[in-house]
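J.: File start-v9.tsv below, TSV, C-alpha atoms (C1' of nucleotides):
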chain	number	residue	atom	x	y	z
E	1	MET	CA	96.96	85.05	31.28
E	2	HIS	CA	96.13	81.95	33.36
E	3	ILE	CA	96.51	78.44	32.11
E	4	GLY	CA	92.79	77.88	31.61
E	5	GLN	CA	92.47	80.68	29.12
E	6	VAL	CA	95.60	79.52	27.33
E	7	ALA	CA	94.03	76.09	27.02
E	8	ALA	CA	90.87	77.60	25.59
E	9	ARG	CA	92.81	79.64	23.05
E	10	THR	CA	95.23	76.95	21.92
E	11	GLY	CA	92.94	73.95	22.07
E	12	LEU	CA	95.50	72.13	24.21
E	13	SER	CA	94.54	70.55	27.52
E	14	LEU	CA	95.65	71.98	30.85
E	15	ARG	CA	97.55	68.81	31.43
E	16	THR	CA	99.40	69.07	28.16
E	17	ILE	CA	100.37	72.68	28.75
E	18	ARG	CA	101.73	71.81	32.19
E	19	HIS	CA	103.58	68.91	30.61
E	20	TYR	CA	105.29	71.27	28.16
E	21	ASP	CA	106.28	73.47	31.08
E	22	GLU	CA	107.75	70.53	32.96
E	23	LEU	CA	109.80	69.55	29.93
E	24	GLY	CA	111.00	73.13	29.53
E	25	LEU	CA	109.39	73.31	26.10
E	26	VAL	CA	107.14	76.29	26.78
E	27	ARG	CA	107.70	77.94	30.13
E	28	PRO	CA	105.20	80.49	31.40
E	29	SER	CA	106.84	83.91	31.39
E	30	ALA	CA	105.88	84.43	35.02
E	31	ARG	CA	104.06	83.08	38.03
E	32	SER	CA	101.54	84.84	40.24
E	33	GLN	CA	102.58	85.35	43.85
E	34	GLY	CA	100.35	82.40	44.63
E	35	GLY	CA	102.16	80.19	42.13
E	36	PHE	CA	99.78	80.26	39.14
E	37	ARG	CA	101.39	80.06	35.72
E	38	LEU	CA	101.12	83.36	33.82
E	39	TYR	CA	101.42	83.24	30.04
E	40	THR	CA	102.04	86.05	27.56
E	41	GLU	CA	100.95	86.32	23.96
E	42	ALA	CA	104.43	85.21	22.92
E	43	ASP	CA	104.05	82.06	25.02
E	44	VAL	CA	100.75	81.34	23.32
E	45	ALA	CA	102.45	81.81	19.96
E	46	ARG	CA	105.06	79.21	20.92
E	47	LEU	CA	102.31	76.80	21.87
E	48	MET	CA	100.65	77.38	18.52
E	49	VAL	CA	103.91	76.55	16.75
E	50	ILE	CA	103.91	73.23	18.53
E	51	ARG	CA	100.29	72.65	17.72
E	52	ARG	CA	100.98	73.10	14.05
E	53	MET	CA	104.14	71.02	14.02
E	54	LYS	CA	102.72	68.10	15.92
E	55	PRO	CA	100.81	66.47	13.09
E	56	LEU	CA	104.14	66.20	11.29
E	57	GLY	CA	105.32	63.74	13.89
E	58	PHE	CA	108.20	65.69	15.33
E	59	THR	CA	109.07	64.74	18.88
E	60	LEU	CA	108.67	67.33	21.60
E	61	GLU	CA	112.44	67.40	21.89
E	62	GLU	CA	112.82	68.25	18.21
E	63	MET	CA	110.21	70.98	18.46
E	64	GLY	CA	112.03	72.42	21.45
E	65	GLU	CA	115.21	72.43	19.42
E	66	LEU	CA	113.56	74.28	16.57
E	67	LEU	CA	112.08	76.84	18.95
E	68	SER	CA	115.47	77.48	20.49
E	69	ILE	CA	117.07	77.87	17.06
E	70	THR	CA	114.58	80.47	15.91
E	71	ASP	CA	114.76	82.19	19.29
E	72	ARG	CA	118.47	82.60	18.97
E	73	LEU	CA	118.34	83.72	15.36
E	74	ASP	CA	115.60	86.24	16.08
E	75	ASN	CA	116.52	87.58	19.48
E	76	SER	CA	120.26	87.98	19.24
E	77	SER	CA	121.30	91.20	17.59
E	78	ALA	CA	123.00	90.33	14.30
E	79	ALA	CA	126.36	91.54	15.52
E	80	ALA	CA	126.25	89.62	18.77
E	81	LEU	CA	126.05	86.32	16.93
E	82	GLU	CA	129.34	84.90	15.79
E	83	THR	CA	129.37	83.98	12.15
E	84	ALA	CA	130.23	80.36	12.89
E	85	GLU	CA	127.33	79.86	15.25
E	86	ARG	CA	124.97	81.66	12.93
E	87	GLU	CA	126.03	79.36	10.10
E	88	GLN	CA	125.43	76.37	12.27
E	89	LEU	CA	121.99	77.55	13.32
E	90	LEU	CA	121.04	78.23	9.73
E	91	ALA	CA	122.22	74.78	8.73
E	92	ARG	CA	120.09	73.16	11.41
E	93	LEU	CA	117.14	75.30	10.39
E	94	GLY	CA	117.63	74.09	6.84
E	95	ARG	CA	117.51	70.49	7.95
E	96	PHE	CA	114.27	71.19	9.77
E	97	GLU	CA	112.88	72.79	6.68
E	98	GLN	CA	113.70	69.75	4.62
E	99	ALA	CA	112.30	67.36	7.22
E	100	THR	CA	109.14	69.43	7.31
E	101	ARG	CA	108.68	69.16	3.57
E	102	GLU	CA	109.24	65.41	3.66
E	103	ARG	CA	106.78	64.93	6.46
E	104	CYS	CA	104.19	67.03	4.74
E	105	ALA	CA	104.51	64.74	1.76
E	106	ALA	CA	104.18	61.69	4.00
E	107	LEU	CA	101.12	63.19	5.62
E	108	ARG	CA	99.56	63.75	2.21
E	109	THR	CA	100.00	60.08	1.29
E	110	GLN	CA	98.56	59.06	4.63
E	111	LEU	CA	95.60	61.28	4.04
E	112	SER	CA	94.96	59.85	0.62
E	113	ARG	CA	95.21	56.31	1.96
E	114	ALA	CA	92.78	57.23	4.69
E	115	GLU	CA	90.36	58.73	2.22
E	116	GLU	CA	90.60	55.64	0.10
E	117	PHE	CA	89.78	53.64	3.20
E	118	ALA	CA	86.83	55.91	3.98
E	119	ALA	CA	85.51	55.43	0.45
E	120	ASP	CA	85.87	51.65	0.74
E	121	LEU	CA	84.02	51.69	4.03
E	122	GLN	CA	81.20	53.78	2.64
E	123	ARG	CA	80.84	51.54	-0.40
E	124	ARG	CA	80.76	48.39	1.70
E	125	ALA	CA	78.31	49.83	4.20
E	126	GLY	CA	76.06	50.88	1.34
E	127	GLN	CA	76.14	47.42	-0.21
E	128	LEU	CA	75.34	45.68	3.03
E	129	THR	CA	72.51	48.04	3.82
E	130	ALA	CA	71.11	47.59	0.34
E	131	GLY	CA	71.13	43.84	0.79
E	132	THR	CA	68.76	44.25	3.73
E	133	SER	CA	65.81	45.19	1.55
L	1	MET	CA	104.57	33.61	4.76
L	2	HIS	CA	107.01	34.46	7.56
L	3	ILE	CA	106.83	37.62	9.61
L	4	GLY	CA	109.79	39.26	7.90
L	5	GLN	CA	108.18	39.17	4.51
L	6	VAL	CA	104.93	40.40	5.97
L	7	ALA	CA	106.82	43.34	7.45
L	8	ALA	CA	108.43	44.07	4.11
L	9	ARG	CA	105.09	43.99	2.33
L	10	THR	CA	103.09	45.99	4.84
L	11	GLY	CA	105.73	48.46	5.91
L	12	LEU	CA	105.05	47.60	9.56
L	13	SER	CA	107.86	46.66	11.93
L	14	LEU	CA	108.32	43.12	13.18
L	15	ARG	CA	107.64	44.37	16.67
L	16	THR	CA	104.42	46.01	15.60
L	17	ILE	CA	103.17	42.87	13.87
L	18	ARG	CA	103.98	40.78	16.94
L	19	HIS	CA	102.27	43.36	19.08
L	20	TYR	CA	99.11	43.04	17.03
L	21	ASP	CA	99.30	39.30	17.46
L	22	GLU	CA	99.70	39.64	21.21
L	23	LEU	CA	96.64	41.87	21.36
L	24	GLY	CA	94.67	39.43	19.23
L	25	LEU	CA	94.22	42.09	16.56
L	26	VAL	CA	95.78	40.15	13.71
L	27	ARG	CA	96.65	36.57	14.54
L	28	PRO	CA	98.81	34.57	12.16
L	29	SER	CA	96.68	31.87	10.56
L	30	ALA	CA	99.20	29.22	11.57
L	31	ARG	CA	102.54	28.46	13.12
L	32	SER	CA	105.34	26.32	11.73
L	33	GLN	CA	106.24	23.24	13.75
L	34	GLY	CA	109.15	25.27	15.07
L	35	GLY	CA	106.89	28.05	16.24
L	36	PHE	CA	107.28	30.64	13.47
L	37	ARG	CA	104.27	32.80	12.73
L	38	LEU	CA	102.79	31.95	9.33
L	39	TYR	CA	100.64	34.60	7.64
L	40	THR	CA	98.25	34.26	4.72
L	41	GLU	CA	97.26	36.84	2.14
L	42	ALA	CA	94.11	37.49	4.13
L	43	ASP	CA	96.18	38.24	7.21
L	44	VAL	CA	98.24	40.71	5.23
L	45	ALA	CA	95.04	42.32	4.02
L	46	ARG	CA	93.93	42.78	7.63
L	47	LEU	CA	97.23	44.40	8.44
L	48	MET	CA	96.82	46.74	5.50
L	49	VAL	CA	93.41	47.78	6.79
L	50	ILE	CA	95.05	48.76	10.05
L	51	ARG	CA	97.83	50.57	8.26
L	52	ARG	CA	95.33	52.68	6.42
L	53	MET	CA	93.17	53.38	9.45
L	54	LYS	CA	96.00	54.31	11.77
L	55	PRO	CA	96.59	57.84	10.49
L	56	LEU	CA	92.98	58.52	11.43
L	57	GLY	CA	93.89	58.08	15.06
L	58	PHE	CA	91.72	55.09	15.88
L	59	THR	CA	92.97	53.01	18.79
L	60	LEU	CA	94.02	49.44	18.15
L	61	GLU	CA	91.00	48.35	20.13
L	62	GLU	CA	88.66	50.29	17.84
L	63	MET	CA	90.32	48.86	14.75
L	64	GLY	CA	89.94	45.38	16.19
L	65	GLU	CA	86.28	46.07	16.71
L	66	LEU	CA	85.83	47.22	13.13
L	67	LEU	CA	87.65	44.16	11.82
L	68	SER	CA	85.43	41.87	13.85
L	69	ILE	CA	82.32	43.65	12.62
L	70	THR	CA	83.24	43.29	8.97
L	71	ASP	CA	84.36	39.72	9.56
L	72	ARG	CA	81.00	38.80	10.96
L	73	LEU	CA	79.08	40.62	8.27
L	74	ASP	CA	81.15	39.03	5.50
L	75	ASN	CA	81.75	35.54	6.77
L	76	SER	CA	78.42	34.59	8.21
L	77	SER	CA	76.03	33.36	5.63
L	78	ALA	CA	73.19	35.83	5.36
L	79	ALA	CA	70.70	33.38	6.79
L	80	ALA	CA	72.83	32.41	9.77
L	81	LEU	CA	72.85	35.96	11.03
L	82	GLU	CA	69.86	36.96	13.09
L	83	THR	CA	68.23	40.13	11.90
L	84	ALA	CA	68.68	41.84	15.25
L	85	GLU	CA	72.38	41.19	15.37
L	86	ARG	CA	72.80	42.18	11.77
L	87	GLU	CA	71.05	45.46	12.47
L	88	GLN	CA	73.31	46.09	15.40
L	89	LEU	CA	76.42	45.36	13.39
L	90	LEU	CA	75.29	47.65	10.62
L	91	ALA	CA	74.62	50.41	13.12
L	92	ARG	CA	78.09	50.10	14.56
L	93	LEU	CA	79.54	50.06	11.08
L	94	GLY	CA	77.68	53.26	10.35
L	95	ARG	CA	79.15	54.93	13.41
L	96	PHE	CA	82.61	53.92	12.23
L	97	GLU	CA	81.87	55.33	8.84
L	98	GLN	CA	80.86	58.65	10.34
L	99	ALA	CA	83.87	58.75	12.64
L	100	THR	CA	86.09	58.02	9.65
L	101	ARG	CA	84.67	60.93	7.72
L	102	GLU	CA	85.12	63.26	10.69
L	103	ARG	CA	88.68	62.20	11.21
L	104	CYS	CA	89.49	62.58	7.56
L	105	ALA	CA	88.27	66.14	7.82
L	106	ALA	CA	90.37	66.70	10.93
L	107	LEU	CA	93.38	65.26	9.15
L	108	ARG	CA	92.85	67.63	6.26
L	109	THR	CA	92.87	70.66	8.57
L	110	GLN	CA	95.97	69.33	10.27
L	111	LEU	CA	97.64	68.94	6.93
L	112	SER	CA	96.79	72.45	5.87
L	113	ARG	CA	98.07	73.84	9.17
L	114	ALA	CA	101.26	71.87	8.71
L	115	GLU	CA	101.70	73.16	5.18
L	116	GLU	CA	101.15	76.67	6.42
L	117	PHE	CA	103.84	76.02	8.99
L	118	ALA	CA	106.17	74.66	6.31
L	119	ALA	CA	105.63	77.77	4.21
L	120	ASP	CA	106.38	80.02	7.19
L	121	LEU	CA	109.53	78.11	7.91
L	122	GLN	CA	110.71	78.32	4.34
L	123	ARG	CA	110.03	82.05	4.18
L	124	ARG	CA	111.88	82.71	7.43
L	125	ALA	CA	114.85	80.56	6.45
L	126	GLY	CA	115.05	82.37	3.13
L	127	GLN	CA	115.04	85.77	4.81
L	128	LEU	CA	117.72	84.84	7.28
L	129	THR	CA	119.94	83.34	4.61
L	130	ALA	CA	119.52	86.39	2.44
L	131	GLY	CA	120.66	88.59	5.30
L	132	THR	CA	123.97	86.72	5.32
L	133	SER	CA	125.25	88.20	2.07
R	1	DC	C1'	127.02	19.12	10.95
R	2	DT	C1'	127.43	23.96	10.79
R	3	DC	C1'	126.71	28.49	9.29
R	4	DT	C1'	123.76	32.26	8.64
R	5	DA	C1'	119.73	34.62	8.31
R	6	DC	C1'	115.59	34.74	10.37
R	7	DC	C1'	112.60	33.81	14.11
R	8	DT	C1'	111.06	33.17	19.23
R	9	DT	C1'	109.65	34.91	24.07
R	10	DA	C1'	110.35	37.91	28.00
R	11	DA	C1'	111.08	41.90	30.26
R	12	DC	C1'	112.10	46.54	30.68
R	13	DG	C1'	112.32	51.44	28.51
R	14	DT	C1'	110.24	55.42	26.14
R	15	DT	C1'	107.17	59.09	24.56
R	16	DA	C1'	103.33	61.86	25.00
R	17	DA	C1'	99.62	62.48	27.37
R	18	DG	C1'	95.44	61.61	30.60
R	19	DG	C1'	93.65	60.77	35.50
R	20	DT	C1'	93.43	61.72	40.39
R	21	DA	C1'	93.92	63.54	45.04
R	22	DG	C1'	94.42	66.94	48.32
R	23	DA	C1'	95.84	71.49	49.19
R	24	DG	C1'	96.13	76.25	48.18
R	25	DA	C1'	94.78	80.66	45.29
R	26	DT	C1'	91.34	83.81	43.16
R	27	DT	C1'	87.34	85.88	42.53
R	28	DC	C1'	82.74	87.31	43.06
R	29	DG	C1'	78.23	87.98	45.31
R	30	DG	C1'	76.49	89.75	49.32
T	1	DC	C1'	85.42	91.85	54.52
T	2	DC	C1'	83.75	86.86	54.07
T	3	DG	C1'	82.36	82.65	52.46
T	4	DA	C1'	81.34	79.92	48.27
T	5	DA	C1'	82.42	78.72	43.83
T	6	DT	C1'	86.13	78.28	40.67
T	7	DC	C1'	90.49	77.73	39.31
T	8	DT	C1'	95.09	76.15	39.84
T	9	DC	C1'	98.93	73.88	42.18
T	10	DT	C1'	102.12	69.68	42.87
T	11	DA	C1'	102.87	64.85	42.93
T	12	DC	C1'	102.11	60.62	41.67
T	13	DC	C1'	99.77	56.82	38.95
T	14	DT	C1'	98.24	54.96	34.46
T	15	DT	C1'	97.90	54.21	29.52
T	16	DA	C1'	98.93	53.30	24.47
T	17	DA	C1'	101.85	51.70	21.24
T	18	DC	C1'	105.45	50.42	20.40
T	19	DG	C1'	111.27	50.22	20.81
T	20	DT	C1'	115.15	47.79	22.69
T	21	DT	C1'	117.88	44.35	24.57
T	22	DA	C1'	118.93	39.73	25.99
T	23	DA	C1'	119.16	35.04	25.31
T	24	DG	C1'	118.27	31.76	22.59
T	25	DG	C1'	115.56	28.38	18.86
T	26	DT	C1'	114.75	27.25	13.57
T	27	DA	C1'	115.19	26.64	8.34
T	28	DG	C1'	117.70	25.39	4.84
T	29	DA	C1'	122.13	25.86	2.00
T	30	DG	C1'	126.57	23.78	1.57
What would you get if you wrote out this structure as structure tokens?
T.:
Amino acid sequence: MHIGQVAARTGLSLRTIRHYDELGLVRPSARSQGGFRLYTEADVARLMVIRRMKPLGFTLEEMGELLSITDRLDNSSAAALETAEREQLLARLGRFEQATRERCAALRTQLSRAEEFAADLQRRAGQLTAGTS
Amino acid sequence: MHIGQVAARTGLSLRTIRHYDELGLVRPSARSQGGFRLYTEADVARLMVIRRMKPLGFTLEEMGELLSITDRLDNSSAAALETAEREQLLARLGRFEQATRERCAALRTQLSRAEEFAADLQRRAGQLTAGTS
DNA sequence: CTCTACCTTAACGTTAAGGTAGAGATTCGG
DNA sequence: CCGAATCTCTACCTTAACGTTAAGGTAGAG
């Protein structure tokens, strides 16, 4: 799949997708002979992970780290992974999980503050408009 | 009030507060003879407005615009404000109100996506840990 | 005084992304 | 098979909103 269609499906801009490639965050699985980026469904799935994580305020570097952790846990056959490394990966995954929960909570407070602000604004606008009569 | 206390009360960094001063977004009401920024309660209130708006993704410029609109609507005596200008200000305020509602909605979808992501992560971590036994 | 905590400006760095230009690749109608 | 219309490429420039570091000035307690 070409980059344009990936952009349409993920809601990310072409520029952003190229940026993620440059950083090594989500590399296209292949290139056409002419040099066009070619993405697979799995690549799109990785982009969607990023899209969902982003509101939580993780840096691109952190998201790349998480992707590489899950890649290694999923794609290595269980036997091929030394116990020590597996433990370490699971520990890091756990820290991500905790951070995610914390940031979700932070996002909820932000949202409620924002809604409070929206309500204030609406009330004030209403008052001022009413005063016009 | 000095900048440090303002930072403590608003939860903004010193750098951020100075940045807002540099941009003319929230100017300290005075300076000490030695040059320290001196903030009033009203200044802090302005900073809190920004703090609440920020999660909605408004630019600092837009927030400055909103602050100046409400300032003019509040601080000018009703008579001193020409009807035409007042109309214009109210119209702009209305656009802000609409944008705020839209962005609140967007924030809610982002939050739900993030929570979905958090749930996924938790489920996957649980599975992997269980496999360890 | 002098010490300490707090404050100042100035300048450069960072992160994440958008803009632009000019060249090359693909594709589609004829 | 060919030319036009799209699409994509790389490379570089720009922006927003701060963070960081350096080098120092200030307020007030002792």
J.: At most 6 Å is the cut-off: for each residue in chain L with any atom that close to an atom of chain E, write down the nearest atom pair and the distance in Å rounded to one decimal, counting all atoms listed in the file, chain first then increasing number, as CSV.
T.:
residue,atom,partner,partner_atom,distance
L:Arg52,CA,E:Ala114,CA,5.5
L:Arg113,CA,E:Arg52,CA,5.7
L:Ala114,CA,E:Arg52,CA,5.5
J.: Determine, using all atoms listed in the file, which residues of chain L have any atom at most 8 Å from an atom of chain R, and tabulate each with its shortest atom pair and distance in Å to one decimal place, rows ordered by chain and then rising number, as a tab-separated table.
T.:
residue	atom	partner	partner_atom	distance
L:Gly4	CA	R:DC6	C1'	7.8
L:Gly35	CA	R:DT8	C1'	7.2
L:Phe36	CA	R:DC7	C1'	6.2
J.: Please report as a PyMOL selection string which residues of chain L come no farther than 8 Å from chain T, using only C-alpha atoms (C1' of nucleotides).
T.: chain L and resi 15-16+19+34
J.: Would you superpose chain E on chain L, least squares on all C-alpha atoms in order, and hand back the fitted chain as an mmCIF file with C-alpha atoms, in the frame of the given file?
T.:
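Result file follows (superposed_9.cif):
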data_model
loop_
_atom_site.group_PDB
_atom_site.id
_atom_site.type_symbol
_atom_site.label_atom_id
_atom_site.label_comp_id
_atom_site.auth_asym_id
_atom_site.auth_seq_id
_atom_site.Cartn_x
_atom_site.Cartn_y
_atom_site.Cartn_z
ATOM 1 C CA MET E 1 104.546 33.512 4.781
ATOM 2 C CA HIS E 2 106.994 34.330 7.603
ATOM 3 C CA ILE E 3 106.867 37.482 9.622
ATOM 4 C CA GLY E 4 109.857 39.073 7.909
ATOM 5 C CA GLN E 5 108.235 39.011 4.516
ATOM 6 C CA VAL E 6 104.997 40.323 5.979
ATOM 7 C CA ALA E 7 106.950 43.213 7.449
ATOM 8 C CA ALA E 8 108.528 43.934 4.087
ATOM 9 C CA ARG E 9 105.169 43.895 2.328
ATOM 10 C CA THR E 10 103.208 45.938 4.848
ATOM 11 C CA GLY E 11 105.891 48.383 5.891
ATOM 12 C CA LEU E 12 105.240 47.511 9.533
ATOM 13 C CA SER E 13 108.056 46.473 11.848
ATOM 14 C CA LEU E 14 108.456 42.914 13.090
ATOM 15 C CA ARG E 15 107.891 44.200 16.558
ATOM 16 C CA THR E 16 104.657 45.892 15.633
ATOM 17 C CA ILE E 17 103.303 42.823 13.881
ATOM 18 C CA ARG E 18 104.082 40.677 16.919
ATOM 19 C CA HIS E 19 102.421 43.310 19.073
ATOM 20 C CA TYR E 20 99.225 43.046 17.021
ATOM 21 C CA ASP E 21 99.342 39.285 17.454
ATOM 22 C CA GLU E 22 99.731 39.602 21.207
ATOM 23 C CA LEU E 23 96.736 41.914 21.375
ATOM 24 C CA GLY E 24 94.705 39.508 19.254
ATOM 25 C CA LEU E 25 94.300 42.169 16.582
ATOM 26 C CA VAL E 26 95.828 40.207 13.714
ATOM 27 C CA ARG E 27 96.646 36.614 14.538
ATOM 28 C CA PRO E 28 98.777 34.586 12.148
ATOM 29 C CA SER E 29 96.609 31.911 10.558
ATOM 30 C CA ALA E 30 99.098 29.234 11.561
ATOM 31 C CA ARG E 31 102.431 28.450 13.134
ATOM 32 C CA SER E 32 105.230 26.298 11.767
ATOM 33 C CA GLN E 33 106.040 23.178 13.763
ATOM 34 C CA GLY E 34 108.976 25.133 15.121
ATOM 35 C CA GLY E 35 106.730 27.957 16.303
ATOM 36 C CA PHE E 36 107.214 30.561 13.548
ATOM 37 C CA ARG E 37 104.212 32.725 12.750
ATOM 38 C CA LEU E 38 102.726 31.901 9.332
ATOM 39 C CA TYR E 39 100.621 34.567 7.643
ATOM 40 C CA THR E 40 98.217 34.273 4.716
ATOM 41 C CA GLU E 41 97.272 36.873 2.153
ATOM 42 C CA ALA E 42 94.103 37.543 4.136
ATOM 43 C CA ASP E 43 96.197 38.277 7.228
ATOM 44 C CA VAL E 44 98.275 40.720 5.225
ATOM 45 C CA ALA E 45 95.072 42.370 4.033
ATOM 46 C CA ARG E 46 93.972 42.840 7.647
ATOM 47 C CA LEU E 47 97.301 44.432 8.453
ATOM 48 C CA MET E 48 96.886 46.780 5.515
ATOM 49 C CA VAL E 49 93.472 47.826 6.821
ATOM 50 C CA ILE E 50 95.128 48.810 10.058
ATOM 51 C CA ARG E 51 97.884 50.609 8.251
ATOM 52 C CA ARG E 52 95.376 52.723 6.412
ATOM 53 C CA MET E 53 93.202 53.411 9.431
ATOM 54 C CA LYS E 54 96.012 54.372 11.741
ATOM 55 C CA PRO E 55 96.576 57.899 10.496
ATOM 56 C CA LEU E 56 92.960 58.573 11.428
ATOM 57 C CA GLY E 57 93.839 58.129 15.066
ATOM 58 C CA PHE E 58 91.697 55.137 15.863
ATOM 59 C CA THR E 59 92.958 53.082 18.769
ATOM 60 C CA LEU E 60 94.047 49.521 18.134
ATOM 61 C CA GLU E 61 91.025 48.396 20.110
ATOM 62 C CA GLU E 62 88.678 50.320 17.830
ATOM 63 C CA MET E 63 90.350 48.913 14.740
ATOM 64 C CA GLY E 64 89.985 45.421 16.156
ATOM 65 C CA GLU E 65 86.314 46.103 16.700
ATOM 66 C CA LEU E 66 85.845 47.242 13.129
ATOM 67 C CA LEU E 67 87.674 44.191 11.805
ATOM 68 C CA SER E 68 85.459 41.892 13.827
ATOM 69 C CA ILE E 69 82.324 43.668 12.605
ATOM 70 C CA THR E 70 83.229 43.303 8.954
ATOM 71 C CA ASP E 71 84.364 39.730 9.555
ATOM 72 C CA ARG E 72 81.009 38.818 10.951
ATOM 73 C CA LEU E 73 79.060 40.630 8.263
ATOM 74 C CA ASP E 74 81.124 39.064 5.495
ATOM 75 C CA ASN E 75 81.738 35.561 6.742
ATOM 76 C CA SER E 76 78.401 34.593 8.201
ATOM 77 C CA SER E 77 75.964 33.343 5.618
ATOM 78 C CA ALA E 78 73.106 35.845 5.402
ATOM 79 C CA ALA E 79 70.626 33.395 6.846
ATOM 80 C CA ALA E 80 72.781 32.430 9.793
ATOM 81 C CA LEU E 81 72.797 35.990 11.075
ATOM 82 C CA GLU E 82 69.809 36.983 13.131
ATOM 83 C CA THR E 83 68.184 40.152 11.940
ATOM 84 C CA ALA E 84 68.673 41.869 15.288
ATOM 85 C CA GLU E 85 72.388 41.221 15.395
ATOM 86 C CA ARG E 86 72.787 42.186 11.776
ATOM 87 C CA GLU E 87 71.025 45.475 12.479
ATOM 88 C CA GLN E 88 73.300 46.103 15.384
ATOM 89 C CA LEU E 89 76.424 45.369 13.377
ATOM 90 C CA LEU E 90 75.273 47.653 10.600
ATOM 91 C CA ALA E 91 74.588 50.404 13.102
ATOM 92 C CA ARG E 92 78.078 50.106 14.543
ATOM 93 C CA LEU E 93 79.539 50.066 11.052
ATOM 94 C CA GLY E 94 77.642 53.260 10.340
ATOM 95 C CA ARG E 95 79.130 54.931 13.373
ATOM 96 C CA PHE E 96 82.581 53.933 12.194
ATOM 97 C CA GLU E 97 81.833 55.349 8.806
ATOM 98 C CA GLN E 98 80.827 58.651 10.302
ATOM 99 C CA ALA E 99 83.845 58.758 12.606
ATOM 100 C CA THR E 100 86.051 58.035 9.624
ATOM 101 C CA ARG E 101 84.636 60.950 7.683
ATOM 102 C CA GLU E 102 85.082 63.281 10.641
ATOM 103 C CA ARG E 103 88.643 62.208 11.178
ATOM 104 C CA CYS E 104 89.464 62.603 7.538
ATOM 105 C CA ALA E 105 88.243 66.163 7.790
ATOM 106 C CA ALA E 106 90.341 66.719 10.907
ATOM 107 C CA LEU E 107 93.357 65.281 9.154
ATOM 108 C CA ARG E 108 92.833 67.661 6.249
ATOM 109 C CA THR E 109 92.858 70.675 8.578
ATOM 110 C CA GLN E 110 95.961 69.350 10.277
ATOM 111 C CA LEU E 111 97.626 68.956 6.943
ATOM 112 C CA SER E 112 96.789 72.469 5.889
ATOM 113 C CA ARG E 113 98.068 73.853 9.182
ATOM 114 C CA ALA E 114 101.245 71.879 8.714
ATOM 115 C CA GLU E 115 101.689 73.166 5.199
ATOM 116 C CA GLU E 116 101.149 76.679 6.411
ATOM 117 C CA PHE E 117 103.842 76.038 8.984
ATOM 118 C CA ALA E 118 106.169 74.646 6.318
ATOM 119 C CA ALA E 119 105.626 77.755 4.202
ATOM 120 C CA ASP E 120 106.345 80.012 7.184
ATOM 121 C CA LEU E 121 109.520 78.103 7.908
ATOM 122 C CA GLN E 122 110.700 78.326 4.329
ATOM 123 C CA ARG E 123 110.006 82.053 4.176
ATOM 124 C CA ARG E 124 111.849 82.716 7.417
ATOM 125 C CA ALA E 125 114.807 80.559 6.457
ATOM 126 C CA GLY E 126 115.020 82.383 3.145
ATOM 127 C CA GLN E 127 114.983 85.782 4.826
ATOM 128 C CA LEU E 128 117.668 84.863 7.298
ATOM 129 C CA THR E 129 119.880 83.376 4.633
ATOM 130 C CA ALA E 130 119.421 86.448 2.482
ATOM 131 C CA GLY E 131 120.497 88.651 5.355
ATOM 132 C CA THR E 132 123.847 86.860 5.382
ATOM 133 C CA SER E 133 125.009 88.442 2.144
#
J.: Report the distance between atom CA of L:Glu61 and atom CA of L:Pro28 in Å, rounded to one decimal place.
T.: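 It comes out at 17.7 Å.
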J.: Set the distance at 9 Å and use all atoms listed in the file: which residues neighbour stretch 37-47 of chain L once local chain neighbours fewer than 2 positions away are removed? I'd like the list as a list in words.
T.: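 In the requested form, the answer reads Met1, His2, Ile3, Val6, Arg9, Thr10, Leu12, Ile17, Tyr20, Leu25, Val26, Arg27, Pro28, Ser29, Ala30, Arg31, Ser32, Gly35, Val49, Ile50, Arg51, Arg52 and Leu67 of chain L; DC7 of chain R.
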J.: Using Å and a single decimal, report how far atom CA of L:Leu89 sits from atom CA of L:Leu23.
T.: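 If I compute the distance from atom CA of L:Leu23 to atom CA of L:Leu89, I get 22.0 Å.
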J.: Using only the atoms of stretch 11-29 of chain R listed in the file, plus 8 Å on each side, state the axis-aligned box centre and edge lengths in Å rounded to one decimal, as lines of an AutoDock Vina configuration file.
T.:
center_x = 95.3
center_y = 64.9
center_z = 36.9
size_x = 50.1
size_y = 62.1
size_z = 40.6
J.: By how many Å are atom CA of L:Glu65 and atom CA of L:Ala106 apart?
T.: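 Separation of atom CA of L:Glu65 and atom CA of L:Ala106: 21.8 Å.
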